[in-house]
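Student: Compact mmCIF, C-alpha atoms, file coords-v9.txt:
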```txt
# COMPACT_ATOMS: atom_id res chain seq x y z
CA MET D 1 8.21 -17.51 2.61
CA SER D 2 7.35 -20.79 4.29
CA GLY D 3 10.00 -21.96 6.72
CA ILE D 4 11.48 -18.49 7.22
CA SER D 5 11.47 -17.10 10.75
CA ASN D 6 8.66 -14.58 11.15
CA THR D 7 10.46 -11.33 12.00
CA PHE D 8 9.35 -7.80 11.20
CA LEU D 9 11.63 -7.82 8.14
CA THR D 10 10.54 -11.17 6.69
CA ASP D 11 6.92 -10.27 7.47
CA LEU D 12 7.25 -7.06 5.44
CA ALA D 13 6.68 -8.94 2.18
CA ARG D 14 3.40 -10.55 3.28
CA PHE D 15 0.06 -9.19 2.11
CA LYS D 16 -1.65 -7.19 4.86
CA THR D 17 -5.15 -7.81 6.18
CA PHE D 18 -5.62 -4.38 7.77
CA SER D 19 -6.35 -0.89 6.53
CA VAL D 20 -4.56 2.20 7.82
CA ALA D 21 -5.73 5.46 9.36
CA ARG D 22 -4.29 8.47 11.12
CA ALA D 23 -5.25 10.99 13.76
CA SER D 24 -3.21 14.17 13.37
CA SER D 25 -3.17 17.90 14.03
CA TRP D 26 -3.74 18.92 10.39
CA ASP D 27 -5.46 22.26 9.83
CA ARG D 28 -9.16 21.54 9.30
CA THR D 29 -9.63 24.94 7.61
CA GLY D 30 -7.25 23.99 4.80
CA GLY D 31 -4.62 26.46 6.01
CA ASN D 32 -1.12 25.80 7.31
CA TYR D 33 -1.66 26.01 11.07
CA ASP D 34 -1.30 22.25 11.47
CA ALA D 35 -1.11 22.27 15.25
CA LEU D 36 -3.34 21.93 18.28
CA PRO D 37 -3.13 24.72 20.90
CA ILE D 38 -3.65 23.61 24.51
CA GLU D 39 -4.72 26.09 27.16
CA PRO D 40 -2.95 26.24 30.57
CA HIS D 41 -4.02 23.43 32.90
CA ALA D 42 -6.29 21.94 30.23
CA THR D 43 -6.55 18.39 28.93
CA ALA D 44 -6.58 17.91 25.16
CA VAL D 45 -7.80 14.78 23.38
CA LEU D 46 -5.38 13.89 20.59
CA ALA D 47 -7.28 10.83 19.41
CA ASP D 48 -10.39 8.85 20.28
CA LEU D 49 -10.16 5.75 18.12
CA GLU D 50 -12.65 2.96 17.50
CA GLY D 51 -11.26 -0.57 17.56
CA PRO D 52 -10.21 -3.15 16.92
CA GLY D 53 -6.90 -1.65 15.95
CA ILE D 54 -3.18 -1.30 16.63
CA ILE D 55 -1.36 2.02 16.98
CA SER D 56 1.84 1.59 14.98
CA HIS D 57 3.55 4.99 15.22
CA ILE D 58 3.36 8.17 17.29
CA TRP D 59 5.15 11.43 16.39
CA PHE D 60 5.09 14.66 18.42
CA THR D 61 6.75 18.03 18.17
CA ILE D 62 5.75 20.86 20.48
CA GLY D 63 6.07 24.63 20.64
CA CYS D 64 5.78 25.91 24.21
CA GLN D 65 7.37 28.89 25.96
CA ASP D 66 7.64 27.01 29.26
CA ARG D 67 11.13 25.55 29.10
CA PHE D 68 10.09 22.67 31.38
CA TYR D 69 7.25 21.52 29.12
CA LEU D 70 8.79 18.08 28.58
CA ARG D 71 8.16 17.33 32.26
CA LYS D 72 5.00 19.42 32.69
CA LEU D 73 3.04 17.88 29.80
CA LEU D 74 1.63 14.45 30.63
CA LEU D 75 0.79 11.76 28.08
CA ARG D 76 -2.14 9.58 29.15
CA VAL D 77 -3.54 6.65 27.15
CA TYR D 78 -6.66 4.65 28.01
CA TRP D 79 -7.59 1.33 26.40
CA ASP D 80 -11.12 0.00 25.98
CA ASP D 81 -12.95 2.43 28.29
CA GLU D 82 -10.79 1.69 31.34
CA SER D 83 -11.07 4.16 34.24
CA THR D 84 -7.32 4.63 34.85
CA PRO D 85 -4.66 5.17 32.17
CA SER D 86 -2.42 2.38 30.93
CA VAL D 87 0.17 4.96 29.85
CA GLU D 88 1.03 7.87 32.14
CA SER D 89 4.29 9.74 31.76
CA PRO D 90 5.78 13.17 31.16
CA VAL D 91 6.15 13.53 27.42
CA GLY D 92 9.95 13.79 27.25
CA ASP D 93 10.55 10.80 29.50
CA PHE D 94 8.07 8.66 27.55
CA PHE D 95 10.12 9.20 24.39
CA GLY D 96 13.26 8.21 26.23
CA VAL D 97 15.02 11.38 27.44
CA GLY D 98 14.74 12.60 31.04
CA HIS D 99 15.54 15.67 33.16
CA GLY D 100 13.21 17.82 31.02
CA ARG D 101 15.97 17.94 28.39
CA MET D 102 16.26 16.93 24.77
CA ALA D 103 18.84 14.95 22.86
CA SER D 104 19.18 13.41 19.42
CA TYR D 105 19.33 9.63 19.56
CA GLN D 106 18.05 6.52 17.78
CA CYS D 107 17.06 3.10 19.04
CA LEU D 108 14.69 0.54 17.55
CA ALA D 109 11.56 1.59 19.44
CA PHE D 110 12.10 5.37 19.91
CA ASN D 111 14.02 8.34 18.65
CA MET D 112 14.38 12.06 19.30
CA SER D 113 15.90 14.68 16.97
CA THR D 114 16.76 18.24 18.00
CA HIS D 115 18.94 21.28 17.34
CA ASN D 116 18.97 21.90 21.11
CA GLU D 117 21.25 19.13 22.33
CA GLY D 118 21.09 18.74 26.09
CA ASN D 119 18.99 21.87 26.58
CA ILE D 120 15.94 22.36 28.76
CA GLY D 121 13.32 23.70 26.37
CA GLY D 122 13.42 24.25 22.65
CA GLY D 123 12.06 22.05 19.91
CA ALA D 124 12.44 18.35 19.16
CA ALA D 125 10.85 15.65 17.04
CA MET D 126 9.83 12.58 19.07
CA ASN D 127 8.86 9.16 17.68
CA CYS D 128 7.63 5.84 19.07
CA TRP D 129 7.12 2.63 17.05
CA LEU D 130 6.03 0.21 19.79
CA PRO D 131 2.77 -1.50 18.73
CA MET D 132 -0.26 -0.69 20.89
CA PRO D 133 -3.30 -2.96 20.35
CA PHE D 134 -6.82 -1.97 21.40
CA ARG D 135 -10.04 -3.92 20.97
CA LYS D 136 -12.81 -1.37 21.49
CA ARG D 137 -11.35 2.08 21.97
CA ALA D 138 -8.12 4.04 22.35
CA LEU D 139 -8.23 7.45 24.05
CA ILE D 140 -5.03 9.52 23.94
CA GLU D 141 -4.75 12.72 25.97
CA ILE D 142 -2.23 15.42 26.80
CA VAL D 143 -2.50 17.19 30.15
CA ASN D 144 -0.96 20.67 30.11
CA ASP D 145 0.34 21.38 33.62
CA CYS D 146 2.11 24.54 32.41
CA ASP D 147 0.96 27.99 33.53
CA VAL D 148 1.17 29.07 29.88
CA LYS D 149 -0.56 27.97 26.71
CA VAL D 150 1.00 25.33 24.51
CA ASN D 151 0.91 27.32 21.29
CA SER D 152 1.57 24.43 18.92
CA PHE D 153 1.18 20.72 19.59
CA TYR D 154 1.85 18.85 16.35
CA TYR D 155 1.18 15.12 16.20
CA TYR D 156 0.66 12.02 14.06
CA ILE D 157 -0.94 8.89 15.54
CA ASP D 158 -0.83 6.22 12.83
CA TYR D 159 -2.88 3.08 13.39
CA GLN D 160 -4.13 -0.07 11.73
CA LYS D 161 -7.79 -1.07 11.52
CA HIS D 162 -8.26 -4.83 11.92
CA PRO D 163 -11.39 -6.97 11.53
CA ARG D 164 -10.40 -8.63 14.80
CA LEU D 165 -7.36 -9.00 17.04
CA ASP D 166 -5.80 -12.27 18.12
CA ASP D 167 -6.63 -13.26 21.67
CA ASP D 168 -2.94 -13.40 22.63
CA LEU D 169 -2.31 -9.68 22.01
CA ALA D 170 -1.74 -7.82 25.28
CA CYS D 171 -2.20 -4.12 26.04
CA PHE D 172 0.76 -1.73 26.08
CA HIS D 173 1.59 0.05 29.35
CA ALA D 174 4.11 2.71 30.39
CA GLN D 175 4.57 4.31 33.80
CA TRP D 176 6.84 7.09 35.08
CA ARG D 177 8.26 6.98 38.61
CA ARG D 178 10.65 9.09 40.65
CA GLU D 179 12.54 8.97 43.96
CA ASN D 180 14.04 12.39 44.69
CA PRO D 181 16.39 11.47 46.20
CA CYS D 182 16.68 7.75 46.81
CA GLN D 183 17.29 7.02 50.47
CA ALA D 184 20.89 5.88 50.99
CA VAL D 185 21.08 3.04 53.49
CA ASP D 186 23.93 1.40 55.38
CA LEU D 187 23.71 -2.31 54.70
CA LYS D 188 27.44 -2.83 55.39
CA GLY D 189 27.87 -3.65 51.71
CA ILE D 190 25.51 -6.65 51.84
CA ASN D 191 22.09 -6.65 50.19
CA LEU D 192 20.22 -9.94 50.66
CA THR D 193 16.62 -8.73 50.35
CA GLY D 194 16.35 -6.06 47.63
CA ASP D 195 13.86 -4.24 49.86
CA ASP D 196 15.56 -0.85 49.51
CA ASN D 197 16.13 -1.02 45.75
CA TYR D 198 14.76 1.54 43.32
CA VAL D 199 11.53 0.10 41.86
CA ILE D 200 11.21 0.49 38.09
CA LEU D 201 8.02 -1.54 37.73
CA GLU D 202 5.54 -3.33 39.96
CA ALA D 203 2.65 -4.99 38.11
CA THR D 204 0.09 -7.75 38.61
CA GLY D 205 -1.60 -9.83 35.93
CA ARG D 206 -0.19 -11.71 32.96
CA GLY D 207 2.24 -9.99 30.63
CA HIS D 208 5.83 -9.30 29.70
CA TYR D 209 8.28 -6.51 30.56
CA VAL D 210 9.92 -4.95 27.50
CA GLY D 211 12.27 -2.41 29.05
CA CYS D 212 12.82 0.97 30.61
CA ASN D 213 14.76 4.17 30.63
CA PHE D 214 16.04 5.77 33.80
CA SER D 215 17.48 9.18 34.50
CA ILE D 216 19.95 9.86 37.30
CA ASP D 217 20.99 13.20 38.76
CA ASN D 218 24.31 12.38 40.39
CA LEU D 219 23.99 14.07 43.79
CA SER D 220 26.48 11.85 45.60
CA GLN D 221 29.29 12.35 43.04
CA GLY D 222 31.53 9.54 41.89
CA TRP D 223 30.46 6.49 39.86
CA TRP D 224 26.70 6.09 40.12
CA GLY D 225 26.59 2.51 38.90
CA GLU D 226 27.44 -0.73 40.71
CA GLY D 227 23.75 -1.29 41.44
CA ASP D 228 22.57 -4.83 40.64
CA ASP D 229 19.30 -5.31 38.81
CA MET D 230 16.94 -7.67 40.65
CA ILE D 231 13.74 -8.84 38.96
CA PHE D 232 11.19 -10.80 41.00
CA ILE D 233 8.66 -12.77 38.91
CA ASP D 234 5.36 -14.33 40.04
CA GLY D 235 5.82 -13.68 43.74
CA ALA D 236 9.46 -14.74 44.00
CA GLN D 237 11.06 -13.67 47.28
CA TRP D 238 14.83 -13.98 47.80
CA PRO D 239 16.78 -14.65 45.65
CA PRO D 240 15.21 -12.78 42.73
CA THR D 241 14.30 -14.65 39.56
CA LEU D 242 16.90 -12.62 37.66
CA HIS D 243 19.91 -11.16 39.49
CA GLY D 244 22.40 -8.95 37.68
CA THR D 245 25.92 -7.75 38.39
CA GLY D 246 25.80 -3.96 38.04
CA SER D 247 23.94 -1.05 36.50
CA GLU D 248 26.06 -0.77 33.39
CA ASP D 249 25.87 -4.55 32.99
CA TYR D 250 22.06 -4.47 33.02
CA LEU D 251 22.34 -1.72 30.41
CA ALA D 252 24.41 -4.17 28.29
CA GLN D 253 27.56 -2.05 28.59
CA ALA D 254 30.69 -2.47 30.74
CA TRP D 255 33.37 -0.51 32.60
CA GLY D 256 31.01 2.41 33.07
CA MET D 257 28.82 3.94 30.39
CA GLN D 258 29.90 5.12 26.95
CA LYS D 259 28.57 7.81 24.63
CA ASN D 260 26.34 5.72 22.43
CA ALA D 261 22.71 4.90 21.72
CA PHE D 262 22.26 1.41 20.25
CA LEU D 263 19.16 -0.46 19.05
CA PHE D 264 18.26 -1.88 22.46
CA ASN D 265 20.54 -0.17 24.99
CA GLY D 266 22.71 2.82 25.65
CA MET D 267 23.03 6.34 27.00
CA ASN D 268 21.36 9.18 25.13
CA LEU D 269 21.87 12.15 27.49
CA TRP D 270 24.75 13.40 29.61
CA THR D 271 25.41 16.88 30.95
CA ASP D 272 29.04 16.60 32.07
CA PRO D 273 32.07 15.34 30.12
CA ALA D 274 32.86 13.15 33.15
CA PHE D 275 29.38 11.60 32.93
CA ASN D 276 30.31 8.50 34.92
CA GLU D 277 31.25 10.69 37.88
CA HIS D 278 29.22 13.91 37.66
CA GLY D 279 26.10 15.50 36.21
CA LYS D 280 22.90 14.03 34.83
CA VAL D 281 22.42 11.04 32.52
CA THR D 282 19.61 9.15 30.85
CA VAL D 283 20.17 5.49 29.98
CA TYR D 284 17.93 2.77 28.57
CA ARG D 285 17.56 -0.99 28.14
CA HIS D 286 14.82 -2.42 25.92
CA HIS D 287 13.95 -6.13 26.12
CA ILE D 288 12.56 -6.39 22.60
CA LEU D 289 14.46 -9.54 21.57
CA ASP D 290 14.51 -10.82 25.16
CA PRO D 291 11.16 -9.90 26.78
CA ILE D 292 10.62 -11.00 30.39
CA PRO D 293 7.23 -12.75 30.81
CA PHE D 294 5.21 -13.06 34.00
CA GLU D 295 2.04 -15.02 34.73
CA ARG D 296 0.88 -13.31 37.94
CA SER D 297 3.19 -10.45 38.88
CA ILE D 298 6.53 -8.78 38.33
CA ARG D 299 8.72 -6.46 40.37
CA VAL D 300 11.62 -4.88 38.46
CA THR D 301 14.18 -3.24 40.76
CA ILE D 302 17.77 -2.03 40.74
CA GLU D 303 20.14 -0.95 43.50
CA HIS D 304 21.00 2.76 43.69
CA GLY D 305 24.71 2.25 44.24
CA HIS D 306 26.17 -0.97 45.64
CA ALA D 307 23.78 -2.24 48.35
CA ASN D 308 21.81 1.03 47.94
CA ASP D 309 24.54 3.18 49.47
CA ARG D 310 23.86 6.25 47.26
CA GLY D 311 21.23 8.98 47.53
CA ASP D 312 20.89 10.19 43.94
CA ASP D 313 17.77 11.56 42.22
CA TRP D 314 16.26 8.75 40.10
CA SER D 315 13.33 8.75 37.69
CA SER D 316 12.26 6.13 35.17
CA VAL D 317 9.73 4.95 32.63
CA ALA D 318 8.89 1.24 32.46
CA TYR D 319 7.38 -0.29 29.31
CA TRP D 320 5.42 -3.54 29.36
CA TYR D 321 2.46 -5.45 27.93
CA GLN D 322 -0.16 -7.14 30.07
CA SER D 323 -3.75 -8.27 30.41
CA GLU D 324 -6.32 -5.86 31.77
CA PRO D 325 -7.24 -4.71 34.28
CA HIS D 326 -3.89 -3.44 35.52
CA GLN D 327 -3.33 -2.58 39.16
CA VAL D 328 -4.11 0.98 40.24
CA TRP D 329 -0.93 3.05 40.38
CA ALA D 330 0.05 5.70 42.88
CA PRO D 331 -1.10 9.16 41.75
CA MET D 332 1.19 11.03 39.38
CA PRO D 333 3.26 13.49 41.44
CA PRO D 334 2.21 17.14 41.13
CA VAL D 335 4.08 19.24 38.64
CA GLU D 336 6.45 20.73 41.23
CA ALA D 337 7.60 17.22 42.17
CA ARG D 338 8.26 16.32 38.54
CA LEU D 339 10.59 19.22 37.73
CA PRO D 340 14.27 18.44 37.24
CA ARG D 341 16.85 19.76 39.64
CA LEU D 342 18.83 22.74 38.43
```
Show this structure as structure tokens.
Tutor:
Amino acid sequence: MSGISNTFLTDLARFKTFSVARASSWDRTGGNYDALPIEPHATAVLADLEGPGIISHIWFTIGCQDRFYLRKLLLRVYWDDESTPSVESPVGDFFGVGHGRMASYQCLAFNMSTHNEGNIGGGAAMNCWLPMPFRKRALIEIVNDCDVKVNSFYYYIDYQKHPRLDDDLACFHAQWRRENPCQAVDLKGINLTGDDNYVILEATGRGHYVGCNFSIDNLSQGWWGEGDDMIFIDGAQWPPTLHGTGSEDYLAQAWGMQKNAFLFNGMNLWTDPAFNEHGKVTVYRHHILDPIPFERSIRVTIEHGHANDRGDDWSSVAYWYQSEPHQVWAPMPPVEARLPRL
């Protein structure tokens, strides 16, 4: 296949130099209870893997009587014996759907499948296919912040065992944030600093940003968009390195949002038929074909309304790869501060 661009499809035909393995919740007694129970306020280790390796696929489905479990259960991932997690997010948001709800959707990196469309609580299958390299060790945990037991936590964590990893492979990171609500400001319609923007990601080191999802509870009513994305790379001040023209434009749509979930962008959750004016939404933009590299630092922001004139409830998950160590993040908000508004 010499001379053919090396994409994941053309690479599929090449002989592989790795072996495969899996950590899963299969019943060690030989029975059919293929799930891990997790006691209230306990931390469960899903996998403790020896490297070098690359996690290639994660699948979860969960049985829990707490209807808010998608926000109360935290996914934490540690690479190579680091002291702070490189992945920290409520489970539902990590897989791309916010507000503690579930929705069926498909994009290239994630999907969710459920009979409980738009509901808080119930059952869903959740998948992630973003590659996650580790050189010495990968530790994957679930923190149960529910007051009840998680009766059934089913999971697959599929990974590749490699003799060594290339030096140019960076570590995967994901971080959840929330501003509830964003502080509306009066800038007279002029924003020439970006200081009051919603911050999706702030990171130091060398790496590349590969996207985000964000969830908005429309408290102000009316069209929630019109916020420009502003991305500051390697210490850039004003103007930002990348300056957009509106929220739906950053999301690669136009004239508001539409009911679709594409490979790299879209909207996968809405709670009101007039979703551009009322209710809750989750939207996403993944920079898989157009990653945004940084050598020293990156600050990914977006206005909440034009010139930050709206006070809606925003939460987000940023996805990126970078060298370690990563900067220490603010502590994860307590469970009460993570719950969606009703």
Student: Considering only C-alpha atoms, state which residue in the set D:His208, D:Arg299, D:Arg28, D:Arg310 is at the smallest distance from Pro240 in chain D.
Tutor: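 Looking only at the distances to Pro240 in chain D, the closest residue turns out to be D:Arg299.
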Student: So how far away is CA of Trp26 in chain D from CA of Val143 in chain D, in Å?
Tutor: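 Computing it gives 19.9 Å between the two atoms.
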Student: Would you list the residues near (12.4, -3.5, 28.8) (no more than 10 Å away, in the coordinates of the file, using all atoms listed in the file) as JSON, numbers by chain?
Tutor: {"D": [208, 209, 210, 211, 212, 213, 264, 265, 284, 285, 286, 287, 288, 289, 290, 291, 292, 300, 317, 318, 319, 320]}
Student: How far is it from CA of Gly256 in chain D to CA of Asn276 in chain D, in Å with one decimal?
Tutor: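 Between these atoms lies a distance of 6.4 Å.
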Student: Just checking: using only C-alpha atoms, which residue out of D:Ile157, D:Val283, D:Leu192, D:Met132 ends up closest to Ala261 in chain D?
Tutor: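 Closest to Ala261 in chain D of all the choices is D:Val283.
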Student: Quick check, in Å to one decimal: how far apart do CA of Val77 in chain D and CA of Ser89 in chain D lie?
Tutor: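 Atom-to-atom, CA of Val77 in chain D to CA of Ser89 in chain D, that is 9.6 Å.
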Student: Could you tell me which of D:Arg178, D:Lys16, D:Lys188, D:His57 comes closest to Cys128 in chain D if we count all atoms listed in the file?
Tutor: D:His57
Student: Which residues come within 9 Å of range 215-223 of chain D, counting only C-alpha atoms, excluding same-chain residues fewer than 5 positions away, as a ChimeraX atom specification?
Tutor: /D:93,97-99,181,256,269,275-284,305,310-316,340-341
Student: Under the rule that only C-alpha atoms are counted, which of D:Leu9, D:Ala184, D:Met230, D:Ala109 is the nearest residue to Thr245 in chain D?
Tutor: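 That would be D:Met230, the residue with the smallest distance to Thr245 in chain D.
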Student: Excluding Gln327 in chain D and its own-chain neighbours fewer than 5 positions away, which residues fall within 12 Å of it when counting only C-alpha atoms? Please give them as a PyMOL selection string.
Tutor: chain D and resi 82-86+173+175+201-206+296-298+322
Student: Determine, counting all atoms listed in the file, which protein, DNA and RNA residues have an atom within 8 Å of an atom of Tyr250 in chain D; residues of the same chain fewer than 6 positions away are not included. Present the result as a ChimeraX atom specification.
Tutor: /D:228-229,244,285
